[in-house]
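Report on one structure; see the data block that follows.
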Amino acid sequence: MKNILITGANGFAGKNLTSFLNENKELSLLLFDVDNTNEELINFIEKADVIIHLAGVNRPKETEEFKEGNYLFTKKIAEILIEKGKTIPVVMSSSIQAKLDNPYGKSKREGEDALIEYGMRMKADVFIYRLPNLFGKWGKPNYNSAVATFCHNISRNIDIQVSNRDNIVELLYIDDMMKEFADVINGKKKHEGFYYTIAKSHKKILGEIVDLIYSFKKTREDKTIPDMSDEFVKKLYSTYLSYIPENDFKYPLKMNIDNRGSFTEFIRTTDRGQVSVNISKPGITKGNHWHHTKNEKFLVVSGKGIIRFRNINTKEVISYIVSGEKLEVVDIPTGYTHNIENLGDTDMITIMWVNEAYDPENPDTFSKEV
């Protein structure tokens with residue numbers, strides 16, 4: 001069992017890293033935060049095999065707190081390590097602002113120096129990561145993360161303030177940070193010097209980030225899905241969803257209902273088609289149409305029915321029995337008129353995918369009995 005000390009365990013990064021490492025049953029986590037005592041810190045350091053130093057101050061009430069929370073606390077860790085003769089790896093989450101000559105940057109840089117001194121004196125591995133702005137779940141809105149603030153406010157219809165839409169910001173997704181730190185813990189990261197970067201950061205224009213988050217909110221109305229092939233969009237969308245109010249996870253869809261059952265659009269995409277849910281009453285037949293280019297896939301998930309096809313140039317009818325008891329996808333090719341009939345005594349539910357979202361100006365749907 002390897003003991004991992006995490007400082008700042010109750011912060012944004014700490015919560016995410018703790019939940020990530022908890023899945024590894026070979027690790028024992030020693031969690032330290034502001035409520036813990038100095039005696040507990042010493043005890044944890046004595047037990048630790050690796051230290052992940054996330055604790056720090058970035059929004060103090062008084063400027064002096066930068067020095068206390070970033071430099072002096074880090075120096076204390078280094079001094080305890082030296083006093084106890086420990087030569088364990090230490091990972092520090094520093095900031096790209098350590099290059100700047102402001103109170104925050106200076107305090108982070110001095111904290112780095114304290115750990116470097118420990119590493120050189122004890123010949124221990126020290127990994128210092130000068131991280132850009134982090135984003136992901138469990139961040140604190142209206143604190144130090146613009147992304148958290150934007151996601152929180154936009155999901156609640158609260159106005160946001162954007163100082164300069166043209167600003168370029170560098171962002172790192174919290175999961176990418178966790179995976180990097182886990183590699184250090186597991187000995188997969190080779191120690192080469194003291195400073196390290198995580199290659200998966202994203203440099204983006206602030207206005208584009210804001211527009212993306214507003215578009216995420218709109219997906220509930222237009223039933224679209226963001227472009228998940230874009231790695232940043234995928235990460236930002238996951239982040240946005242985590243800030244939705246807990247009483248607002250659910251949203252309605254428009255059900256087109258008649259005496260035959262109902263038809264409801266679920267998801268529309270620009271390049272992956274449309275998904276709908278079709279409910280047919282017992283004895284009801286739907287369809288009897290064909291398409292030139294549009295193609296579909298039917299999946300009956302409840303009930304029993306039959307799907308019939310006929311090439312519009314022939315008289316031969318082809319039939320497939322379908323049932324929710326045996327899930328089978330039926331392709332609907334172009335040039336075949338087709339219908340689906342409920343053969344059971346209960347509603348038949350069919351998931352229908354079509355290769356393009358419905359366009360009333362070009363429906364590509366032509367009536368013809370099977």
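FYI, nothing fancy with the structure tokens labels: chains A, B, ... in order, residues from 1 per chain, ligands from 1 as they appear.
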- Message: Could you list, as a ChimeraX atom specification, every residue within 9 Å of Ile351 (chain A), counting only C-alpha atoms and ignoring same-chain residues fewer than 4 positions away?
- Response: /A:275-279,297-301
Selection file, N, CA, C and O atoms, as an mmCIF file, in the first residue's frame:
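The new file again-v3.cif reads:
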```
data_model
loop_
_atom_site.group_PDB
_atom_site.id
_atom_site.type_symbol
_atom_site.label_atom_id
_atom_site.label_comp_id
_atom_site.auth_asym_id
_atom_site.auth_seq_id
_atom_site.Cartn_x
_atom_site.Cartn_y
_atom_site.Cartn_z
ATOM 1 N N VAL A 275 -31.965 11.240 -34.121
ATOM 2 C CA VAL A 275 -32.515 10.102 -33.387
ATOM 3 C C VAL A 275 -33.895 10.480 -32.869
ATOM 4 O O VAL A 275 -34.075 11.573 -32.311
ATOM 5 N N SER A 276 -34.856 9.583 -33.053
ATOM 6 C CA SER A 276 -36.225 9.830 -32.611
ATOM 7 C C SER A 276 -36.776 8.590 -31.927
ATOM 8 O O SER A 276 -36.245 7.479 -32.084
ATOM 9 N N VAL A 277 -37.859 8.802 -31.180
ATOM 10 C CA VAL A 277 -38.553 7.700 -30.513
ATOM 11 C C VAL A 277 -39.960 7.617 -31.091
ATOM 12 O O VAL A 277 -40.714 8.606 -31.055
ATOM 13 N N ASN A 278 -40.305 6.443 -31.615
ATOM 14 C CA ASN A 278 -41.616 6.228 -32.217
ATOM 15 C C ASN A 278 -42.407 5.241 -31.366
ATOM 16 O O ASN A 278 -41.905 4.156 -31.028
ATOM 17 N N ILE A 279 -43.629 5.617 -30.996
ATOM 18 C CA ILE A 279 -44.515 4.728 -30.242
ATOM 19 C C ILE A 279 -45.742 4.427 -31.095
ATOM 20 O O ILE A 279 -46.428 5.350 -31.554
ATOM 21 N N LYS A 297 -32.196 3.641 -39.602
ATOM 22 C CA LYS A 297 -32.031 2.405 -38.846
ATOM 23 C C LYS A 297 -33.146 2.345 -37.816
ATOM 24 O O LYS A 297 -33.393 3.325 -37.106
ATOM 25 N N PHE A 298 -33.847 1.209 -37.742
ATOM 26 C CA PHE A 298 -34.923 1.014 -36.772
ATOM 27 C C PHE A 298 -34.476 -0.003 -35.729
ATOM 28 O O PHE A 298 -33.892 -1.035 -36.064
ATOM 29 N N LEU A 299 -34.788 0.286 -34.459
ATOM 30 C CA LEU A 299 -34.509 -0.648 -33.374
ATOM 31 C C LEU A 299 -35.719 -0.700 -32.452
ATOM 32 O O LEU A 299 -35.993 0.254 -31.724
ATOM 33 N N VAL A 300 -36.456 -1.797 -32.507
ATOM 34 C CA VAL A 300 -37.606 -1.982 -31.614
ATOM 35 C C VAL A 300 -37.071 -2.402 -30.246
ATOM 36 O O VAL A 300 -36.355 -3.403 -30.132
ATOM 37 N N VAL A 301 -37.399 -1.622 -29.215
ATOM 38 C CA VAL A 301 -36.892 -1.904 -27.872
ATOM 39 C C VAL A 301 -37.976 -2.417 -26.940
ATOM 40 O O VAL A 301 -37.678 -2.907 -25.846
#
```
- For region 179-183 of chain A, work out the shell of residues within 9 Å, counting only C-alpha atoms and skipping chain neighbours fewer than 5 positions away, then give it as a list in words.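 Residues near the query, excluding close chain neighbours: Leu17, Phe20, Leu21, Ile52, Val91, Ile174, Lys188, Lys189 and Ile198 of chain A.
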Okay, now the selection with all heavy atoms, as a compact mmCIF listing (two decimals), in the first residue's frame?
```txt
# COMPACT_ATOMS: atom_id res chain seq x y z
N LEU A 17 -8.71 15.19 -7.72
CA LEU A 17 -7.63 14.22 -7.62
C LEU A 17 -7.96 13.14 -6.60
O LEU A 17 -7.70 11.95 -6.83
CB LEU A 17 -6.33 14.91 -7.25
CG LEU A 17 -5.09 14.01 -7.21
CD1 LEU A 17 -4.81 13.43 -8.60
CD2 LEU A 17 -3.88 14.77 -6.71
N PHE A 20 -10.35 10.69 -8.03
CA PHE A 20 -9.68 9.91 -9.08
C PHE A 20 -8.80 8.82 -8.46
O PHE A 20 -8.86 7.65 -8.86
CB PHE A 20 -8.84 10.85 -9.94
CG PHE A 20 -8.19 10.19 -11.12
CD1 PHE A 20 -8.91 9.93 -12.27
CD2 PHE A 20 -6.85 9.85 -11.10
CE1 PHE A 20 -8.31 9.33 -13.37
CE2 PHE A 20 -6.23 9.25 -12.19
CZ PHE A 20 -6.97 8.99 -13.33
N LEU A 21 -8.01 9.18 -7.45
CA LEU A 21 -7.09 8.22 -6.84
C LEU A 21 -7.79 7.22 -5.94
O LEU A 21 -7.29 6.11 -5.71
CB LEU A 21 -6.02 8.97 -6.04
CG LEU A 21 -5.09 9.89 -6.84
CD1 LEU A 21 -4.08 10.55 -5.91
CD2 LEU A 21 -4.38 9.12 -7.95
N ILE A 52 1.53 15.15 -3.06
CA ILE A 52 0.94 15.98 -4.11
C ILE A 52 0.54 17.29 -3.45
O ILE A 52 -0.44 17.35 -2.70
CB ILE A 52 -0.29 15.31 -4.76
CG1 ILE A 52 0.05 13.89 -5.23
CG2 ILE A 52 -0.79 16.17 -5.92
CD1 ILE A 52 1.06 13.82 -6.35
N VAL A 91 5.18 16.45 -5.82
CA VAL A 91 4.59 17.10 -6.99
C VAL A 91 3.95 18.40 -6.52
O VAL A 91 3.13 18.40 -5.60
CB VAL A 91 3.52 16.21 -7.66
CG1 VAL A 91 2.94 16.92 -8.88
CG2 VAL A 91 4.11 14.86 -8.04
N ILE A 174 -9.16 19.49 -15.92
CA ILE A 174 -8.79 18.89 -14.64
C ILE A 174 -8.45 17.41 -14.77
O ILE A 174 -7.53 16.91 -14.10
CB ILE A 174 -9.92 19.11 -13.61
CG1 ILE A 174 -9.44 18.76 -12.19
CG2 ILE A 174 -11.17 18.35 -13.99
CD1 ILE A 174 -8.39 19.68 -11.66
N LYS A 188 5.45 6.27 -13.58
CA LYS A 188 5.49 6.25 -15.04
C LYS A 188 6.12 7.52 -15.62
O LYS A 188 6.38 7.58 -16.82
CB LYS A 188 4.07 6.09 -15.60
CG LYS A 188 3.42 4.76 -15.24
CD LYS A 188 2.02 4.67 -15.82
CE LYS A 188 1.36 3.35 -15.47
NZ LYS A 188 -0.02 3.26 -16.04
N LYS A 189 6.32 8.52 -14.77
CA LYS A 189 6.88 9.79 -15.23
C LYS A 189 8.35 9.85 -14.86
O LYS A 189 8.71 9.83 -13.67
CB LYS A 189 6.13 10.97 -14.60
CG LYS A 189 6.56 12.34 -15.11
CD LYS A 189 5.99 12.61 -16.48
CE LYS A 189 6.31 14.02 -16.94
NZ LYS A 189 5.75 14.32 -18.26
N ILE A 198 2.15 20.07 -18.86
CA ILE A 198 1.19 19.09 -19.34
C ILE A 198 0.79 19.51 -20.75
O ILE A 198 0.22 20.58 -20.95
CB ILE A 198 -0.03 19.01 -18.41
CG1 ILE A 198 0.43 18.59 -17.00
CG2 ILE A 198 -1.07 18.01 -18.94
CD1 ILE A 198 -0.67 18.57 -15.96
```
- Query: DSSP says strand (DSSP E or B) for which residues of region 9-97 of chain A? Put them as JSON, numbers by chain?
  - Reply: {"A": [27, 28, 29, 30, 31, 32, 50, 51, 52, 53, 90, 91, 92, 93, 94, 95]}
Keeping only N, CA and C atoms, take the residues you just selected and write them out as a PDB file, in the first residue's frame.
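Writing done, so here's selection-v2.pdb:
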```pdb
ATOM      1  N   LEU A  27      -3.710   2.431  -3.178  1.00  0.00           N
ATOM      2  CA  LEU A  27      -3.271   3.713  -2.623  1.00  0.00           C
ATOM      3  C   LEU A  27      -4.044   4.039  -1.355  1.00  0.00           C
ATOM      4  N   SER A  28      -3.345   4.613  -0.378  1.00  0.00           N
ATOM      5  CA  SER A  28      -3.982   5.136   0.830  1.00  0.00           C
ATOM      6  C   SER A  28      -3.770   6.642   0.841  1.00  0.00           C
ATOM      7  N   LEU A  29      -4.866   7.393   0.898  1.00  0.00           N
ATOM      8  CA  LEU A  29      -4.777   8.847   0.775  1.00  0.00           C
ATOM      9  C   LEU A  29      -4.742   9.518   2.145  1.00  0.00           C
ATOM     10  N   LEU A  30      -3.777  10.401   2.322  1.00  0.00           N
ATOM     11  CA  LEU A  30      -3.661  11.226   3.519  1.00  0.00           C
ATOM     12  C   LEU A  30      -4.075  12.634   3.116  1.00  0.00           C
ATOM     13  N   LEU A  31      -5.252  13.050   3.549  1.00  0.00           N
ATOM     14  CA  LEU A  31      -5.845  14.298   3.059  1.00  0.00           C
ATOM     15  C   LEU A  31      -5.628  15.429   4.058  1.00  0.00           C
ATOM     16  N   PHE A  32      -4.985  16.497   3.569  1.00  0.00           N
ATOM     17  CA  PHE A  32      -4.674  17.636   4.434  1.00  0.00           C
ATOM     18  C   PHE A  32      -5.282  18.898   3.842  1.00  0.00           C
ATOM     19  N   VAL A  50       4.555   9.603  -1.347  1.00  0.00           N
ATOM     20  CA  VAL A  50       4.528  10.649  -2.378  1.00  0.00           C
ATOM     21  C   VAL A  50       3.709  11.809  -1.821  1.00  0.00           C
ATOM     22  N   ILE A  51       4.118  13.038  -2.122  1.00  0.00           N
ATOM     23  CA  ILE A  51       3.328  14.214  -1.740  1.00  0.00           C
ATOM     24  C   ILE A  51       2.843  14.905  -3.002  1.00  0.00           C
ATOM     25  N   ILE A  52       1.528  15.154  -3.058  1.00  0.00           N
ATOM     26  CA  ILE A  52       0.942  15.984  -4.112  1.00  0.00           C
ATOM     27  C   ILE A  52       0.543  17.291  -3.446  1.00  0.00           C
ATOM     28  N   HIS A  53       1.304  18.327  -3.702  1.00  0.00           N
ATOM     29  CA  HIS A  53       1.122  19.612  -3.011  1.00  0.00           C
ATOM     30  C   HIS A  53       0.254  20.541  -3.873  1.00  0.00           C
ATOM     31  N   VAL A  90       7.909  14.676  -4.663  1.00  0.00           N
ATOM     32  CA  VAL A  90       6.945  15.732  -4.346  1.00  0.00           C
ATOM     33  C   VAL A  90       6.489  16.366  -5.655  1.00  0.00           C
ATOM     34  N   VAL A  91       5.183  16.453  -5.817  1.00  0.00           N
ATOM     35  CA  VAL A  91       4.587  17.105  -6.994  1.00  0.00           C
ATOM     36  C   VAL A  91       3.952  18.404  -6.518  1.00  0.00           C
ATOM     37  N   MET A  92       4.302  19.505  -7.147  1.00  0.00           N
ATOM     38  CA  MET A  92       3.738  20.804  -6.764  1.00  0.00           C
ATOM     39  C   MET A  92       2.937  21.388  -7.918  1.00  0.00           C
ATOM     40  N   SER A  93       1.708  21.785  -7.629  1.00  0.00           N
ATOM     41  CA  SER A  93       0.922  22.502  -8.627  1.00  0.00           C
ATOM     42  C   SER A  93       1.206  23.988  -8.456  1.00  0.00           C
ATOM     43  N   SER A  94       2.105  24.495  -9.282  1.00  0.00           N
ATOM     44  CA  SER A  94       2.417  25.916  -9.276  1.00  0.00           C
ATOM     45  C   SER A  94       1.566  26.597 -10.347  1.00  0.00           C
ATOM     46  N   SER A  95       1.987  27.744 -10.807  1.00  0.00           N
ATOM     47  CA  SER A  95       1.185  28.524 -11.755  1.00  0.00           C
ATOM     48  C   SER A  95       2.090  29.171 -12.793  1.00  0.00           C
TER      49      SER A  95
END
```
- Message: Applying 9 Å and only C-alpha atoms, which residues near Leu171 (chain A) remain after dropping the ones on its own chain fewer than 3 positions away? List them as a ChimeraX atom specification.
- Response: /A:131-135,201-204
Selection to disk with N, CA and C atoms, as a short mmCIF file (atom, residue, chain, number, x, y, z; two decimals), in the first residue's frame:
```
data_model
loop_
_atom_site.label_atom_id
_atom_site.label_comp_id
_atom_site.auth_asym_id
_atom_site.auth_seq_id
_atom_site.Cartn_x
_atom_site.Cartn_y
_atom_site.Cartn_z
N LEU A 131 1.06 25.44 -13.93
CA LEU A 131 -0.20 25.16 -14.62
C LEU A 131 -0.89 26.44 -15.07
N PRO A 132 -1.59 26.36 -16.22
CA PRO A 132 -2.47 27.47 -16.61
C PRO A 132 -3.78 27.36 -15.84
N ASN A 133 -4.79 28.10 -16.25
CA ASN A 133 -6.10 28.04 -15.59
C ASN A 133 -6.71 26.66 -15.76
N LEU A 134 -7.20 26.10 -14.66
CA LEU A 134 -7.84 24.79 -14.70
C LEU A 134 -9.34 24.96 -14.92
N PHE A 135 -9.94 23.97 -15.59
CA PHE A 135 -11.40 23.96 -15.70
C PHE A 135 -11.90 22.52 -15.61
N SER A 201 -2.82 21.25 -22.72
CA SER A 201 -3.52 22.51 -22.46
C SER A 201 -4.06 23.08 -23.77
N HIS A 202 -5.04 23.97 -23.64
CA HIS A 202 -5.75 24.52 -24.81
C HIS A 202 -5.67 26.05 -24.76
N LYS A 203 -5.19 26.66 -25.83
CA LYS A 203 -5.20 28.12 -25.95
C LYS A 203 -6.40 28.53 -26.81
N LYS A 204 -7.30 29.30 -26.20
CA LYS A 204 -8.56 29.64 -26.84
C LYS A 204 -8.88 31.12 -26.69
#
```
- Counting only C-alpha atoms, the residue of A:Ile82, A:Thr285, A:Gln274, A:Phe309 that sits nearest Met352 (chain A):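 Comparing A:Ile82, A:Thr285, A:Gln274, A:Phe309 against Met352 (chain A), the winner is A:Gln274.
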- Message: Just want the 10 Å neighbourhood of region 105-114 of chain A, counted on only C-alpha atoms, with same-chain residues fewer than 5 positions away dropped. Output as a ChimeraX atom specification.
- Response: /A:56-58,64-79,92-100,119,126-130,194-195
- Item | Backbone-only DSSP, helix (DSSP H, G or I) members of region 212-284 of chain A, as a ChimeraX atom specification | /A:212-222,231-241,246-248
For the residues selected in the previous step, produce a file with N, CA and C atoms as a PDB file, in the first residue's frame.
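Written output follows (again-v3.pdb):
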```pdb
ATOM      1  N   LEU A 212     -19.462  29.203 -27.080  1.00  0.00           N
ATOM      2  CA  LEU A 212     -19.647  27.760 -26.979  1.00  0.00           C
ATOM      3  C   LEU A 212     -20.566  27.408 -25.814  1.00  0.00           C
ATOM      4  N   ILE A 213     -20.333  28.031 -24.668  1.00  0.00           N
ATOM      5  CA  ILE A 213     -21.150  27.709 -23.492  1.00  0.00           C
ATOM      6  C   ILE A 213     -22.601  28.112 -23.718  1.00  0.00           C
ATOM      7  N   TYR A 214     -22.834  29.264 -24.361  1.00  0.00           N
ATOM      8  CA  TYR A 214     -24.212  29.644 -24.698  1.00  0.00           C
ATOM      9  C   TYR A 214     -24.826  28.635 -25.667  1.00  0.00           C
ATOM     10  N   SER A 215     -24.020  28.110 -26.591  1.00  0.00           N
ATOM     11  CA  SER A 215     -24.544  27.120 -27.539  1.00  0.00           C
ATOM     12  C   SER A 215     -24.892  25.822 -26.823  1.00  0.00           C
ATOM     13  N   PHE A 216     -24.152  25.474 -25.755  1.00  0.00           N
ATOM     14  CA  PHE A 216     -24.469  24.279 -24.983  1.00  0.00           C
ATOM     15  C   PHE A 216     -25.849  24.413 -24.339  1.00  0.00           C
ATOM     16  N   LYS A 217     -26.128  25.600 -23.829  1.00  0.00           N
ATOM     17  CA  LYS A 217     -27.432  25.824 -23.210  1.00  0.00           C
ATOM     18  C   LYS A 217     -28.552  25.673 -24.241  1.00  0.00           C
ATOM     19  N   LYS A 218     -28.287  26.120 -25.457  1.00  0.00           N
ATOM     20  CA  LYS A 218     -29.307  26.081 -26.509  1.00  0.00           C
ATOM     21  C   LYS A 218     -29.581  24.667 -27.006  1.00  0.00           C
ATOM     22  N   THR A 219     -28.670  23.725 -26.761  1.00  0.00           N
ATOM     23  CA  THR A 219     -28.866  22.364 -27.277  1.00  0.00           C
ATOM     24  C   THR A 219     -30.147  21.727 -26.752  1.00  0.00           C
ATOM     25  N   ARG A 220     -30.596  22.152 -25.601  1.00  0.00           N
ATOM     26  CA  ARG A 220     -31.850  21.598 -25.079  1.00  0.00           C
ATOM     27  C   ARG A 220     -33.042  22.029 -25.939  1.00  0.00           C
ATOM     28  N   GLU A 221     -32.937  23.206 -26.522  1.00  0.00           N
ATOM     29  CA  GLU A 221     -34.037  23.709 -27.341  1.00  0.00           C
ATOM     30  C   GLU A 221     -34.014  23.107 -28.742  1.00  0.00           C
ATOM     31  N   ASP A 222     -32.828  23.050 -29.348  1.00  0.00           N
ATOM     32  CA  ASP A 222     -32.768  22.569 -30.733  1.00  0.00           C
ATOM     33  C   ASP A 222     -32.383  21.091 -30.843  1.00  0.00           C
ATOM     34  N   GLU A 231     -11.720  17.897 -29.138  1.00  0.00           N
ATOM     35  CA  GLU A 231     -11.375  17.522 -27.767  1.00  0.00           C
ATOM     36  C   GLU A 231     -11.726  18.611 -26.763  1.00  0.00           C
ATOM     37  N   PHE A 232     -11.478  19.869 -27.108  1.00  0.00           N
ATOM     38  CA  PHE A 232     -11.782  20.948 -26.174  1.00  0.00           C
ATOM     39  C   PHE A 232     -13.287  21.100 -25.989  1.00  0.00           C
ATOM     40  N   VAL A 233     -14.039  21.020 -27.078  1.00  0.00           N
ATOM     41  CA  VAL A 233     -15.500  21.128 -26.989  1.00  0.00           C
ATOM     42  C   VAL A 233     -16.056  20.024 -26.096  1.00  0.00           C
ATOM     43  N   LYS A 234     -15.551  18.818 -26.256  1.00  0.00           N
ATOM     44  CA  LYS A 234     -16.014  17.692 -25.450  1.00  0.00           C
ATOM     45  C   LYS A 234     -15.763  17.943 -23.965  1.00  0.00           C
ATOM     46  N   LYS A 235     -14.582  18.443 -23.635  1.00  0.00           N
ATOM     47  CA  LYS A 235     -14.241  18.703 -22.239  1.00  0.00           C
ATOM     48  C   LYS A 235     -15.057  19.857 -21.671  1.00  0.00           C
ATOM     49  N   LEU A 236     -15.248  20.914 -22.477  1.00  0.00           N
ATOM     50  CA  LEU A 236     -15.998  22.073 -22.002  1.00  0.00           C
ATOM     51  C   LEU A 236     -17.478  21.733 -21.813  1.00  0.00           C
ATOM     52  N   TYR A 237     -18.021  20.902 -22.702  1.00  0.00           N
ATOM     53  CA  TYR A 237     -19.427  20.503 -22.565  1.00  0.00           C
ATOM     54  C   TYR A 237     -19.638  19.676 -21.295  1.00  0.00           C
ATOM     55  N   SER A 238     -18.714  18.749 -21.021  1.00  0.00           N
ATOM     56  CA  SER A 238     -18.797  17.973 -19.786  1.00  0.00           C
ATOM     57  C   SER A 238     -18.729  18.893 -18.574  1.00  0.00           C
ATOM     58  N   THR A 239     -17.873  19.908 -18.660  1.00  0.00           N
ATOM     59  CA  THR A 239     -17.759  20.874 -17.576  1.00  0.00           C
ATOM     60  C   THR A 239     -19.062  21.637 -17.390  1.00  0.00           C
ATOM     61  N   TYR A 240     -19.637  22.118 -18.492  1.00  0.00           N
ATOM     62  CA  TYR A 240     -20.884  22.884 -18.423  1.00  0.00           C
ATOM     63  C   TYR A 240     -21.991  22.083 -17.744  1.00  0.00           C
ATOM     64  N   LEU A 241     -22.142  20.817 -18.125  1.00  0.00           N
ATOM     65  CA  LEU A 241     -23.211  19.996 -17.563  1.00  0.00           C
ATOM     66  C   LEU A 241     -23.090  19.861 -16.047  1.00  0.00           C
ATOM     67  N   GLU A 246     -29.240  21.511  -9.776  1.00  0.00           N
ATOM     68  CA  GLU A 246     -29.673  20.138  -9.524  1.00  0.00           C
ATOM     69  C   GLU A 246     -31.167  19.930  -9.756  1.00  0.00           C
ATOM     70  N   ASN A 247     -31.940  20.995  -9.757  1.00  0.00           N
ATOM     71  CA  ASN A 247     -33.371  20.846 -10.036  1.00  0.00           C
ATOM     72  C   ASN A 247     -33.690  21.047 -11.511  1.00  0.00           C
ATOM     73  N   ASP A 248     -32.634  21.069 -12.349  1.00  0.00           N
ATOM     74  CA  ASP A 248     -32.831  21.364 -13.772  1.00  0.00           C
ATOM     75  C   ASP A 248     -32.153  20.339 -14.678  1.00  0.00           C
TER      76      ASP A 248
END
```
- A:Lys190, A:His152, A:Arg308, A:Arg272 ranked by distance to Ile244 (chain A), top pick (using only C-alpha atoms): A:His152
- Message: Can you measure CA of Lys368 (chain A) to CA of Arg260 (chain A) for me? One decimal in Å is fine.
- Response: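 Going from CA of Lys368 (chain A) over to CA of Arg260 (chain A) covers 18.7 Å.
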- The residue from A:Asn102, A:Lys200, A:Asn142, A:Ile154 with the smallest atom-to-atom distance to Glu170 (chain A), counting only C-alpha atoms, is A:Lys200
- Exercise: Lys315 (chain A) partners within 12 Å, only C-alpha atoms, chain neighbours under 6 positions left out, as a PyMOL selection string: chain A and resi 309+336-337+369-370
- Item | Selected residue, from A:Met177, A:Thr293, A:Asn167, A:Val162, that lies nearest to Ala146 (chain A) when counting only C-alpha atoms |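 Looking at the shortest contact to Ala146 (chain A), the residue is A:Val162.
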